[in-house]
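**Student:** My structure file run18.txt, compact mmCIF, C-alpha atoms, is below:
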```txt
# COMPACT_ATOMS: atom_id res chain seq x y z
CA MET J 907 9.78 15.22 -8.77
CA GLU J 908 12.98 15.16 -6.78
CA THR J 909 16.31 15.74 -8.47
CA GLY J 910 19.88 16.04 -7.29
CA THR J 911 23.04 14.07 -6.73
CA ALA J 912 22.71 10.53 -5.42
CA PRO J 913 23.85 10.10 -1.80
CA ASP J 914 27.42 8.93 -1.23
CA ASN J 915 27.50 6.71 1.83
CA PRO J 916 27.90 3.02 2.71
CA ALA J 917 24.15 2.38 2.57
CA GLN J 918 23.86 3.80 -0.94
CA ARG J 919 26.85 1.84 -2.19
CA ARG J 920 25.55 -1.38 -0.63
CA VAL J 921 22.16 -1.01 -2.33
CA GLU J 922 23.69 -0.11 -5.68
CA ALA J 923 25.81 -3.26 -5.54
CA VAL J 924 22.84 -5.49 -4.69
CA LEU J 925 20.68 -4.02 -7.47
CA ALA J 926 23.46 -4.33 -10.03
CA GLU J 927 23.96 -7.98 -9.10
CA LEU J 928 20.26 -8.84 -9.25
CA THR J 929 19.48 -7.09 -12.52
CA ALA J 930 22.60 -8.46 -14.20
CA SER J 931 21.66 -12.02 -13.23
CA GLY J 932 18.04 -11.62 -14.33
CA ALA J 933 16.70 -12.23 -10.82
CA GLU J 934 15.18 -8.76 -11.05
CA THR J 935 14.24 -6.69 -14.09
CA GLY J 936 13.80 -3.11 -12.92
CA VAL J 937 14.11 -1.89 -9.32
CA GLN J 938 14.01 1.40 -7.41
CA VAL J 939 14.97 1.83 -3.74
CA ALA J 940 14.81 4.96 -1.60
CA ALA J 941 15.32 5.57 2.10
CA ARG J 942 15.30 8.63 4.32
CA LEU J 943 16.67 9.24 7.78
CA ASP J 944 15.13 12.15 9.68
CA GLY J 945 13.86 13.44 6.35
CA GLU J 946 17.22 13.33 4.57
CA LEU J 947 17.50 11.15 1.47
CA VAL J 948 20.18 8.57 2.34
CA VAL J 949 19.50 5.97 -0.36
CA ASP J 950 18.34 6.73 -3.89
CA ALA J 951 19.14 3.84 -6.22
CA TRP J 952 17.71 2.21 -9.33
CA ALA J 953 18.80 -0.38 -11.86
CA GLY J 954 17.62 -2.47 -14.79
CA THR J 955 14.97 -1.79 -17.38
CA ALA J 956 11.50 -0.31 -17.15
CA ASP J 957 10.31 -2.29 -20.17
CA PRO J 958 12.40 -5.18 -21.53
CA ALA J 959 10.42 -5.11 -24.78
CA ASP J 960 11.86 -1.77 -25.84
CA GLY J 961 14.92 -1.66 -23.58
CA ARG J 962 13.78 1.54 -21.87
CA PRO J 963 15.98 1.91 -18.78
CA MET J 964 14.64 2.16 -15.27
CA GLY J 965 15.14 5.66 -13.93
CA PRO J 966 14.40 7.41 -10.64
CA ASP J 967 11.23 8.93 -12.08
CA THR J 968 9.89 5.73 -13.69
CA LEU J 969 6.41 5.00 -12.36
CA VAL J 970 6.02 1.42 -11.13
CA PRO J 971 2.80 -0.48 -10.33
CA ALA J 972 3.21 -1.25 -6.63
CA TRP J 973 -0.14 -2.96 -6.05
CA SER J 974 -1.30 -2.93 -2.41
CA THR J 975 1.55 -0.66 -1.35
CA GLY J 976 -1.06 1.90 -2.39
CA LYS J 977 -3.28 0.85 0.52
CA GLY J 978 -0.88 2.64 2.88
CA VAL J 979 -1.07 5.74 0.68
CA ALA J 980 -4.86 5.60 0.92
CA ALA J 981 -4.59 5.24 4.72
CA ALA J 982 -2.41 8.35 4.87
CA LEU J 983 -4.90 10.28 2.76
CA VAL J 984 -7.77 9.25 5.03
CA ALA J 985 -5.73 10.28 8.07
CA VAL J 986 -5.24 13.76 6.60
CA LEU J 987 -8.99 14.08 6.10
CA VAL J 988 -9.67 12.79 9.62
CA ASP J 989 -7.28 15.40 10.97
CA ARG J 990 -9.26 18.11 9.18
CA GLY J 991 -12.60 16.87 10.50
CA VAL J 992 -13.87 15.77 7.08
CA LEU J 993 -13.94 12.11 8.17
CA ALA J 994 -13.96 10.31 11.52
CA TYR J 995 -12.63 6.82 12.18
CA GLU J 996 -15.48 5.98 14.52
CA ALA J 997 -18.19 7.27 12.15
CA PRO J 998 -20.55 4.78 10.53
CA VAL J 999 -19.90 4.51 6.81
CA ALA J 1000 -23.61 5.18 6.32
CA ARG J 1001 -23.06 8.73 7.62
CA TYR J 1002 -21.31 9.47 4.33
CA TRP J 1003 -22.99 6.85 2.14
CA PRO J 1004 -26.57 6.30 3.38
CA GLU J 1005 -27.35 3.34 1.10
CA PHE J 1006 -24.48 1.41 2.67
CA GLY J 1007 -26.41 1.04 5.92
CA ALA J 1008 -28.56 -1.76 4.48
CA ALA J 1009 -28.28 -5.52 5.17
CA GLY J 1010 -26.95 -5.24 8.71
CA LYS J 1011 -24.16 -2.76 7.97
CA GLU J 1012 -25.48 0.21 9.91
CA GLY J 1013 -22.75 -0.28 12.53
CA VAL J 1014 -19.84 -0.67 10.09
CA THR J 1015 -17.45 2.23 10.66
CA LEU J 1016 -14.72 3.81 8.60
CA GLY J 1017 -12.32 2.27 11.11
CA HIS J 1018 -13.67 -1.20 10.35
CA VAL J 1019 -12.99 -0.69 6.64
CA LEU J 1020 -9.43 0.49 7.29
CA THR J 1021 -8.61 -2.37 9.68
CA HIS J 1022 -10.07 -5.04 7.36
CA THR J 1023 -12.60 -5.98 10.05
CA ALA J 1024 -15.76 -4.81 8.23
CA GLY J 1025 -16.70 -8.35 7.17
CA LEU J 1026 -16.87 -7.39 3.49
CA PRO J 1027 -13.77 -8.92 1.86
CA HIS J 1028 -15.67 -10.89 -0.74
CA LEU J 1029 -16.41 -10.37 -4.42
CA PRO J 1030 -18.50 -12.52 -6.79
CA ALA J 1031 -16.52 -15.58 -7.88
CA ASP J 1032 -17.00 -14.64 -11.54
CA THR J 1033 -15.67 -11.08 -11.15
CA THR J 1034 -13.90 -9.86 -14.27
CA PRO J 1035 -11.62 -6.84 -14.61
CA GLU J 1036 -14.40 -5.02 -16.44
CA ARG J 1037 -16.82 -5.63 -13.58
CA LEU J 1038 -14.27 -4.76 -10.88
CA LEU J 1039 -13.46 -1.45 -12.55
CA ASP J 1040 -17.08 -0.36 -12.88
CA LEU J 1041 -16.76 1.52 -9.60
CA PRO J 1042 -20.34 2.86 -9.31
CA ALA J 1043 -21.80 -0.60 -9.97
CA MET J 1044 -19.41 -2.24 -7.50
CA ALA J 1045 -20.31 0.35 -4.86
CA ASP J 1046 -23.99 -0.43 -5.36
CA TRP J 1047 -23.27 -4.16 -5.08
CA LEU J 1048 -21.31 -3.73 -1.85
CA ALA J 1049 -24.03 -1.52 -0.38
CA GLY J 1050 -26.42 -4.46 -0.68
CA GLN J 1051 -24.12 -7.07 0.88
CA ARG J 1052 -24.39 -8.50 4.37
CA PRO J 1053 -21.15 -8.76 6.41
CA ARG J 1054 -19.59 -12.21 6.55
CA TRP J 1055 -18.92 -11.74 10.29
CA GLU J 1056 -19.81 -9.33 13.06
CA PRO J 1057 -17.94 -6.13 12.14
CA GLY J 1058 -14.94 -5.65 14.40
CA SER J 1059 -14.80 -9.27 15.55
CA ALA J 1060 -12.22 -10.62 13.05
CA ILE J 1061 -9.67 -9.55 10.46
CA GLY J 1062 -10.06 -10.68 6.84
CA TYR J 1063 -8.00 -8.97 4.17
CA HIS J 1064 -10.25 -6.80 2.01
CA ALA J 1065 -7.90 -7.07 -0.98
CA TRP J 1066 -10.04 -5.29 -3.56
CA THR J 1067 -13.01 -4.15 -1.49
CA TYR J 1068 -10.75 -1.94 0.69
CA GLY J 1069 -10.24 0.24 -2.38
CA LEU J 1070 -13.80 -0.01 -3.66
CA LEU J 1071 -15.22 1.02 -0.29
CA LEU J 1072 -12.76 3.86 0.29
CA ALA J 1073 -13.23 5.25 -3.22
CA GLU J 1074 -16.97 5.58 -2.63
CA ILE J 1075 -16.65 6.86 0.94
CA LEU J 1076 -14.20 9.56 -0.16
CA ARG J 1077 -16.39 10.58 -3.08
CA ARG J 1078 -19.52 10.77 -0.93
CA ALA J 1079 -17.83 12.67 1.90
CA THR J 1080 -15.98 15.24 -0.21
CA GLY J 1081 -17.50 15.35 -3.69
CA ARG J 1082 -14.03 14.61 -5.10
CA THR J 1083 -12.56 11.44 -6.53
CA CYS J 1084 -9.79 9.62 -4.68
CA ASP J 1085 -7.18 10.60 -7.28
CA ARG J 1086 -8.13 14.28 -7.02
CA LEU J 1087 -7.97 14.13 -3.24
CA LEU J 1088 -4.58 12.41 -3.33
CA ARG J 1089 -3.18 15.15 -5.54
CA ASP J 1090 -4.79 18.03 -3.63
CA GLU J 1091 -4.37 16.94 -0.03
CA LEU J 1092 -1.33 14.66 0.18
CA ALA J 1093 0.94 14.24 -2.83
CA GLY J 1094 0.65 17.82 -4.05
CA PRO J 1095 1.70 19.45 -0.77
CA LEU J 1096 4.71 17.10 -0.64
CA GLY J 1097 5.74 17.98 -4.19
CA ILE J 1098 5.13 14.48 -5.57
CA ALA J 1099 1.75 14.89 -7.30
CA ASP J 1100 2.93 13.09 -10.46
CA ASP J 1101 4.86 10.43 -8.56
CA LEU J 1102 2.34 9.01 -6.05
CA LEU J 1103 -0.85 7.84 -7.72
CA PHE J 1104 -3.86 5.54 -7.60
CA HIS J 1105 -3.80 5.29 -11.41
CA THR J 1106 -1.72 6.49 -14.37
CA PRO J 1107 -3.12 9.52 -16.21
CA GLU J 1108 -2.61 9.59 -19.97
CA HIS J 1109 0.13 12.21 -19.87
CA LEU J 1110 2.21 10.07 -17.51
CA LEU J 1111 2.01 6.81 -19.48
CA PRO J 1112 5.46 7.34 -21.08
CA ARG J 1113 6.93 7.09 -17.57
CA LEU J 1114 5.13 3.85 -16.67
CA ALA J 1115 7.09 0.61 -16.24
CA THR J 1116 5.82 -2.78 -17.38
CA CYS J 1117 5.34 -5.60 -14.87
CA GLN J 1118 6.80 -9.05 -15.59
CA ASP J 1119 6.06 -12.28 -13.81
CA GLY J 1120 8.79 -13.85 -11.71
CA GLY J 1121 6.88 -16.75 -10.19
CA TRP J 1122 4.21 -14.73 -8.40
CA ALA J 1123 1.36 -15.79 -10.69
CA ALA J 1124 2.19 -19.48 -10.31
CA ARG J 1125 2.21 -19.13 -6.54
CA LEU J 1126 -1.27 -17.63 -6.55
CA ARG J 1127 -2.71 -20.09 -9.02
CA ARG J 1128 -1.38 -23.09 -7.12
CA MET J 1129 -3.41 -22.21 -4.04
CA PRO J 1130 -6.19 -24.74 -3.27
CA ALA J 1131 -9.42 -24.09 -5.10
CA GLY J 1132 -11.36 -23.66 -1.85
CA SER J 1133 -8.92 -21.19 -0.31
CA PRO J 1134 -10.58 -18.16 1.32
CA PHE J 1135 -8.08 -16.08 -0.63
CA PHE J 1136 -10.13 -16.59 -3.80
CA ASP J 1137 -13.19 -15.24 -1.99
CA CYS J 1138 -11.52 -11.83 -1.72
CA VAL J 1139 -9.43 -12.11 -4.91
CA PRO J 1140 -11.37 -14.11 -7.53
CA ARG J 1141 -9.25 -15.80 -10.19
CA GLY J 1142 -10.35 -13.33 -12.86
CA VAL J 1143 -8.78 -10.41 -10.99
CA LEU J 1144 -5.61 -11.89 -9.51
CA PRO J 1145 -2.88 -9.25 -8.98
CA VAL J 1146 -0.55 -10.48 -11.72
CA ALA J 1147 1.46 -8.86 -14.49
CA GLU J 1148 -1.23 -9.42 -17.12
CA LEU J 1149 -3.73 -7.43 -15.07
CA ALA J 1150 -1.32 -4.51 -14.62
CA ALA J 1151 -0.83 -4.37 -18.41
CA ARG J 1152 -4.50 -3.64 -19.10
CA ALA J 1153 -5.27 -0.10 -20.21
CA ASP J 1154 -8.48 0.01 -18.15
CA VAL J 1155 -6.58 -1.00 -15.00
CA ARG J 1156 -3.96 1.68 -15.59
CA ARG J 1157 -6.50 4.46 -16.01
CA THR J 1158 -8.94 3.61 -13.19
CA PRO J 1159 -8.18 5.25 -9.82
CA LEU J 1160 -8.77 2.53 -7.24
CA PRO J 1161 -7.12 2.99 -3.82
CA ALA J 1162 -6.61 -0.74 -3.30
CA ASN J 1163 -3.46 -0.27 -5.41
CA GLY J 1164 -0.88 2.39 -6.17
CA THR J 1165 1.55 3.42 -8.89
CA MET J 1166 4.58 5.31 -7.65
CA THR J 1167 8.28 5.93 -7.55
CA ALA J 1168 10.33 4.72 -4.61
CA ARG J 1169 11.42 8.32 -4.02
CA ALA J 1170 7.82 9.46 -3.66
CA ALA J 1171 6.79 6.64 -1.33
CA ALA J 1172 9.86 7.19 0.87
CA ARG J 1173 9.09 10.91 0.97
CA LEU J 1174 5.52 10.29 2.15
CA TYR J 1175 6.66 7.88 4.84
CA ALA J 1176 9.45 10.25 5.88
CA ALA J 1177 6.77 12.79 6.77
CA LEU J 1178 4.92 10.13 8.75
CA ALA J 1179 8.14 9.00 10.45
CA ARG J 1180 8.61 12.59 11.63
CA GLY J 1181 5.19 12.98 13.23
CA GLY J 1182 3.40 14.23 10.12
CA GLU J 1183 5.79 16.97 8.92
CA LEU J 1184 8.53 17.21 6.29
CA ASP J 1185 10.36 20.23 4.85
CA GLY J 1186 7.98 22.68 6.47
CA VAL J 1187 4.86 20.89 5.21
CA ARG J 1188 2.63 19.51 7.97
CA LEU J 1189 0.24 16.91 6.63
CA LEU J 1190 -1.52 16.11 9.88
CA SER J 1191 -1.17 16.34 13.63
CA ALA J 1192 0.91 13.93 15.66
CA ALA J 1193 -2.21 12.91 17.59
CA THR J 1194 -4.13 11.86 14.45
CA LEU J 1195 -1.05 10.09 13.13
CA ARG J 1196 -0.82 8.06 16.35
CA ALA J 1197 -4.49 7.11 16.01
CA ALA J 1198 -3.86 5.96 12.43
CA THR J 1199 -0.71 3.96 13.13
CA THR J 1200 -1.38 2.36 16.52
CA GLY J 1201 -2.36 -1.29 16.31
CA CYS J 1202 -6.07 -1.66 16.98
CA ALA J 1203 -6.91 -5.02 15.38
CA SER J 1204 -4.81 -8.15 15.73
CA GLY J 1205 -5.19 -11.83 14.96
CA THR J 1206 -4.96 -14.45 12.24
CA ASP J 1207 -6.36 -13.14 9.00
CA ARG J 1208 -9.38 -15.09 7.73
CA SER J 1209 -8.54 -14.42 4.08
CA LEU J 1210 -4.78 -15.00 4.16
CA GLY J 1211 -4.25 -17.27 7.17
CA ILE J 1212 -1.38 -15.17 8.51
CA PRO J 1213 -1.09 -13.27 11.80
CA TRP J 1214 -0.78 -9.52 11.72
CA THR J 1215 -1.64 -6.31 13.50
CA MET J 1216 -3.51 -3.50 11.75
CA GLY J 1217 -3.65 0.17 12.45
CA ARG J 1218 -6.18 2.20 10.54
CA GLY J 1219 -5.03 1.17 7.08
CA PHE J 1220 -1.40 0.48 7.98
CA VAL J 1221 0.17 -2.86 8.89
CA VAL J 1222 1.93 -2.33 12.23
CA GLY J 1223 5.13 -4.23 13.03
CA ASP J 1224 5.91 -7.42 11.15
CA SER J 1225 5.25 -11.07 11.96
CA SER J 1226 7.09 -12.40 8.90
CA SER J 1227 10.53 -13.98 9.02
CA PRO J 1228 12.78 -12.22 8.34
CA PRO J 1229 10.84 -9.07 9.19
CA VAL J 1230 10.86 -5.94 7.06
CA ARG J 1231 9.29 -3.43 9.44
CA PRO J 1232 10.75 -3.03 12.94
CA PRO J 1233 8.54 -3.03 16.04
CA GLY J 1234 6.41 0.11 15.91
CA GLY J 1235 7.07 0.52 12.20
CA PHE J 1236 4.04 0.83 9.95
CA GLY J 1237 3.33 0.70 6.24
CA HIS J 1238 2.06 -1.64 3.57
CA SER J 1239 3.43 -4.11 1.03
CA GLY J 1240 2.15 -5.09 -2.40
CA SER J 1241 1.92 -8.17 -4.59
CA GLY J 1242 5.20 -9.17 -6.18
CA GLY J 1243 7.52 -7.65 -3.59
CA SER J 1244 7.01 -3.87 -3.41
CA THR J 1245 6.80 -2.22 0.01
CA ALA J 1246 7.02 1.09 1.87
CA PHE J 1247 7.05 1.93 5.57
CA ALA J 1248 7.99 4.37 8.31
CA ASP J 1249 9.85 3.71 11.55
CA PRO J 1250 9.09 6.62 13.88
CA ALA J 1251 11.47 5.35 16.58
CA THR J 1252 14.45 6.09 14.32
CA ARG J 1253 12.71 8.57 11.96
CA PHE J 1254 13.52 6.22 9.09
CA SER J 1255 11.51 5.53 5.94
CA PHE J 1256 12.02 3.01 3.17
CA ALA J 1257 10.45 2.19 -0.19
CA LEU J 1258 11.07 -0.54 -2.75
CA VAL J 1259 9.21 -0.80 -6.05
CA LYS J 1260 10.04 -3.30 -8.75
CA THR J 1261 8.76 -4.61 -12.03
CA ARG J 1262 9.43 -8.34 -11.71
CA MET J 1263 6.74 -9.89 -9.52
CA THR J 1264 8.44 -12.40 -7.23
CA LEU J 1265 8.03 -13.83 -3.77
CA PRO J 1266 9.00 -11.38 -0.98
CA GLY J 1267 12.57 -11.38 0.30
CA LEU J 1268 14.45 -8.57 -1.38
CA ASP J 1269 12.74 -6.02 0.86
CA ALA J 1270 14.03 -7.62 4.08
CA ARG J 1271 17.54 -8.01 2.64
CA LEU J 1272 17.74 -4.37 1.61
CA VAL J 1273 16.24 -2.97 4.81
CA ALA J 1274 18.62 -4.97 6.99
CA GLY J 1275 21.61 -3.85 4.91
CA ILE J 1276 20.63 -0.19 4.87
CA ARG J 1277 19.88 -0.01 8.57
CA THR J 1278 23.16 -1.76 9.44
CA ALA J 1279 25.10 0.65 7.24
CA LEU J 1280 23.37 3.61 8.90
CA GLY J 1281 24.00 2.28 12.40
CA LEU J 1282 20.32 1.60 13.09
CA PRO J 1283 19.04 -1.57 14.78
CA ALA J 1284 17.94 -4.29 12.38
CA PRO J 1285 14.22 -5.13 12.31
CA GLY J 1286 13.11 -7.71 14.84
CA PRO J 1287 10.15 -10.09 14.69
CA VAL J 1288 6.87 -8.88 16.06
CA ALA J 1289 4.11 -11.36 16.85
CA PRO J 1290 0.54 -10.16 17.38
CA ASP J 1291 -0.69 -10.35 20.94
CA PRO J 1292 -3.23 -13.22 21.00
CA ALA J 1293 -5.03 -11.48 23.85
CA GLU J 1294 -5.90 -8.59 21.54
CA ARG J 1295 -9.18 -8.81 19.68
CA PRO J 1296 -9.83 -6.99 16.40
CA GLY J 1297 -11.12 -3.59 17.38
CA ALA J 1298 -13.77 -1.32 16.00
CA GLY J 1299 -11.22 1.26 14.87
```
Could the structure of this file be written out as structure tokens, please?
**Tutor:**
Amino acid sequence: METGTAPDNPAQRRVEAVLAELTASGAETGVQVAARLDGELVVDAWAGTADPADGRPMGPDTLVPAWSTGKGVAAALVAVLVDRGVLAYEAPVARYWPEFGAAGKEGVTLGHVLTHTAGLPHLPADTTPERLLDLPAMADWLAGQRPRWEPGSAIGYHAWTYGLLLAEILRRATGRTCDRLLRDELAGPLGIADDLLFHTPEHLLPRLATCQDGGWAARLRRMPAGSPFFDCVPRGVLPVAELAARADVRRTPLPANGTMTARAAARLYAALARGGELDGVRLLSAATLRAATTGCASGTDRSLGIPWTMGRGFVVGDSSSPPVRPPGGFGHSGSGGSTAFADPATRFSFALVKTRMTLPGLDARLVAGIRTALGLPAPGPVAPDPAERPGAG
């Protein structure tokens, strides 16, 4: 856990003012923001409450459910294991998990899983939280499924199955659970073992914030009944505040999601922005990092209907308007507005986690303000190249 005096610079003051305004108005409940430039912490701000029910204040060490922001953490963990030769992006998943090779999946690679091109985004329509969190049973179910498309030929967001597949692959390949691996191989070496998590252990529950809805649930539930989104995220397991409040969700390590502080996420991405090294700790080689963060699958997502470019577990660039990540930046965002990314061109990293689940927008506002205050170029739009086809990864 990092401690110390908050930075004193125009970027810090700008963020503090924005957070004070938003939490005072009720537009946000509890927010943390952190940013690093060439490894140095240049923004470290927080405001509001961690739990409005008891008035507990948000602090820099409050743990916040950040949903799919954890997918980027999982991608970084996999990259570390690839760098050490434990895993290989081009390896068939069946190399580590033999039963997975059934039903036409013998050619599905680890890279396909990470780029959301494996053709396995779907879950049963009647999936409940209890069923989703029975990880061994879900692994068995996925092992028997046939891909919805030729692996590598299309992108379709594997919202929950990304985590289910990676949890089993990691366990089979190493004999350790994903949460143990995260602590041992990634968060621990960076000094953030209790601040960057796939779940919330019992002893850390007093630090956990409570999610509130800010219009996110209504947005999801208004989607047309036949939307492909509900194929990958059935209505019983929508990423909404009520799901985050469940004790079984909190305690189950599932690398589709993450719980973290903004400080910890910015620290991880600072190492990635610097070629894999921070404060004398080298997580992985620059060559493996390039392989993980170079776009290798691009197109319109079959599950979400939006264009994007995927590296091996990281979203590369940004096709949204206004953009959050600059060209060449990579990271991942989560339901309700959390996000974290690295920009290697400027050696900049950013993380935002928040308790009120709203539509995106605060992330882009804060990033633009911070980068302007630091004298860095503002993010620019990045559109996927239509000539690129989703790759095998």
**Student:** Gly1211 (chain J): which residues within 12 Å, counting all atoms listed in the file, same-chain residues fewer than 4 positions away excluded, as a list in words?
**Tutor:**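 The residues satisfying every condition are Ala1060, Ile1061, Gly1062, Tyr1063, Ser1133, Pro1134, Phe1135, Gly1205, Thr1206 and Asp1207 of chain J.
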**Student:** Compile the contact shell of Thr929 (chain J) as an MDAnalysis selection string: residues with an atom at most 12 Å away, counting all atoms listed in the file, same-chain residues fewer than 3 positions apart removed.
**Tutor:** chainID J and resid 922:926 932:938 952:956 958 963:964 1260:1262
**Student:** Between CA of Leu993 (chain J) and CA of Ala1079 (chain J), what is the distance in Å, rounded to a tenth?
**Tutor:** 7.4 Å
**Student:** What is the distance between CA of Arg919 (chain J) and CA of Tyr1175 (chain J), in Å to one decimal?
**Tutor:**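 CA of Arg919 (chain J) sits 22.2 Å away from CA of Tyr1175 (chain J).
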**Student:** Nearest residue to Glu1091 (chain J) out of J:Ala1270, J:Leu1210, J:Ala985, J:Val939, using all atoms listed in the file?
**Tutor:**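 Smallest separation from Glu1091 (chain J) among the options: J:Ala985.
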**Student:** CA of Ala1115 (chain J) and CA of Ala959 (chain J), how far apart in Å?
**Tutor:**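 Distance reported for this atom pair: 10.8 Å.
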**Student:** Using all atoms listed in the file, which of J:Arg1077, J:Arg942, J:Arg1156, J:His1105 sits nearest Trp1003 (chain J)?
**Tutor:**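 Selected residue with least distance to Trp1003 (chain J): J:Arg1077.
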**Student:** From the set J:Thr1245, J:Thr1199, J:Thr911, J:Thr1252, which residue has the shortest atom-to-atom contact distance to Pro966 (chain J), counting only C-alpha atoms?
**Tutor:**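 Distance minimum relative to Pro966 (chain J) lands on J:Thr911.
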**Student:** Can you tell me which residues surround Pro1140 (chain J) at a distance of at most 12 Å, considering all atoms listed in the file, apart from same-chain residues fewer than 2 positions away, and format the answer as an MDAnalysis selection string?
**Tutor:** chainID J and resid 1027:1035 1037:1038 1065:1067 1126:1127 1129 1131:1138 1142:1145 1209
**Student:** Got a sec: who's within 10 Å of Asp914 (chain J), counting all atoms listed in the file, leaving out chain neighbours fewer than 2 positions off, as a JSON list (two decimals) with C-alpha atoms, in the coordinates of the input?
**Tutor:**
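Once written, result26.json looks like this:
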```json
[["chain", "number", "residue", "atom", "x", "y", "z"],
["J", 911, "THR", "CA", 23.04, 14.07, -6.73],
["J", 912, "ALA", "CA", 22.71, 10.53, -5.42],
["J", 916, "PRO", "CA", 27.90, 3.02, 2.71],
["J", 917, "ALA", "CA", 24.15, 2.38, 2.57],
["J", 918, "GLN", "CA", 23.86, 3.80, -0.94],
["J", 919, "ARG", "CA", 26.85, 1.84, -2.19],
["J", 948, "VAL", "CA", 20.18, 8.57, 2.34],
["J", 949, "VAL", "CA", 19.50, 5.97, -0.36],
["J", 950, "ASP", "CA", 18.34, 6.73, -3.89]]
```
**Student:** Please return region 1138-1153 of chain J, rebuilt to N, CA and C atoms, as an mmCIF file, in the coordinates of the input.
**Tutor:**
```
data_model
loop_
_atom_site.group_PDB
_atom_site.id
_atom_site.type_symbol
_atom_site.label_atom_id
_atom_site.label_comp_id
_atom_site.auth_asym_id
_atom_site.auth_seq_id
_atom_site.Cartn_x
_atom_site.Cartn_y
_atom_site.Cartn_z
ATOM 1 N N CYS J 1138 -11.795 -13.264 -1.669
ATOM 2 C CA CYS J 1138 -11.520 -11.830 -1.720
ATOM 3 C C CYS J 1138 -10.779 -11.426 -2.999
ATOM 4 N N VAL J 1139 -10.119 -12.388 -3.645
ATOM 5 C CA VAL J 1139 -9.430 -12.110 -4.910
ATOM 6 C C VAL J 1139 -9.822 -13.210 -5.899
ATOM 7 N N PRO J 1140 -10.966 -13.085 -6.559
ATOM 8 C CA PRO J 1140 -11.370 -14.110 -7.530
ATOM 9 C C PRO J 1140 -10.313 -14.281 -8.628
ATOM 10 N N ARG J 1141 -10.300 -15.461 -9.219
ATOM 11 C CA ARG J 1141 -9.250 -15.800 -10.190
ATOM 12 C C ARG J 1141 -9.217 -14.850 -11.382
ATOM 13 N N GLY J 1142 -10.329 -14.253 -11.716
ATOM 14 C CA GLY J 1142 -10.350 -13.330 -12.860
ATOM 15 C C GLY J 1142 -9.676 -12.006 -12.599
ATOM 16 N N VAL J 1143 -9.398 -11.704 -11.321
ATOM 17 C CA VAL J 1143 -8.780 -10.410 -10.990
ATOM 18 C C VAL J 1143 -7.581 -10.615 -10.065
ATOM 19 N N LEU J 1144 -6.827 -11.677 -10.287
ATOM 20 C CA LEU J 1144 -5.610 -11.890 -9.510
ATOM 21 C C LEU J 1144 -4.615 -10.764 -9.796
ATOM 22 N N PRO J 1145 -3.863 -10.321 -8.781
ATOM 23 C CA PRO J 1145 -2.880 -9.250 -8.980
ATOM 24 C C PRO J 1145 -1.619 -9.783 -9.641
ATOM 25 N N VAL J 1146 -1.661 -9.923 -10.950
ATOM 26 C CA VAL J 1146 -0.550 -10.480 -11.720
ATOM 27 C C VAL J 1146 -0.195 -9.513 -12.831
ATOM 28 N N ALA J 1147 0.937 -9.789 -13.496
ATOM 29 C CA ALA J 1147 1.460 -8.860 -14.490
ATOM 30 C C ALA J 1147 0.470 -8.587 -15.607
ATOM 31 N N GLU J 1148 -0.275 -9.615 -16.025
ATOM 32 C CA GLU J 1148 -1.230 -9.420 -17.120
ATOM 33 C C GLU J 1148 -2.304 -8.396 -16.756
ATOM 34 N N LEU J 1149 -2.716 -8.389 -15.490
ATOM 35 C CA LEU J 1149 -3.730 -7.430 -15.070
ATOM 36 C C LEU J 1149 -3.166 -6.011 -15.106
ATOM 37 N N ALA J 1150 -1.937 -5.842 -14.634
ATOM 38 C CA ALA J 1150 -1.320 -4.510 -14.620
ATOM 39 C C ALA J 1150 -1.156 -3.950 -16.024
ATOM 40 N N ALA J 1151 -1.058 -4.825 -17.030
ATOM 41 C CA ALA J 1151 -0.830 -4.370 -18.410
ATOM 42 C C ALA J 1151 -2.087 -3.842 -19.079
ATOM 43 N N ARG J 1152 -3.248 -4.062 -18.484
ATOM 44 C CA ARG J 1152 -4.500 -3.640 -19.100
ATOM 45 C C ARG J 1152 -4.650 -2.116 -19.045
ATOM 46 N N ALA J 1153 -5.093 -1.543 -20.148
ATOM 47 C CA ALA J 1153 -5.270 -0.100 -20.210
ATOM 48 C C ALA J 1153 -6.343 0.371 -19.223
#
```
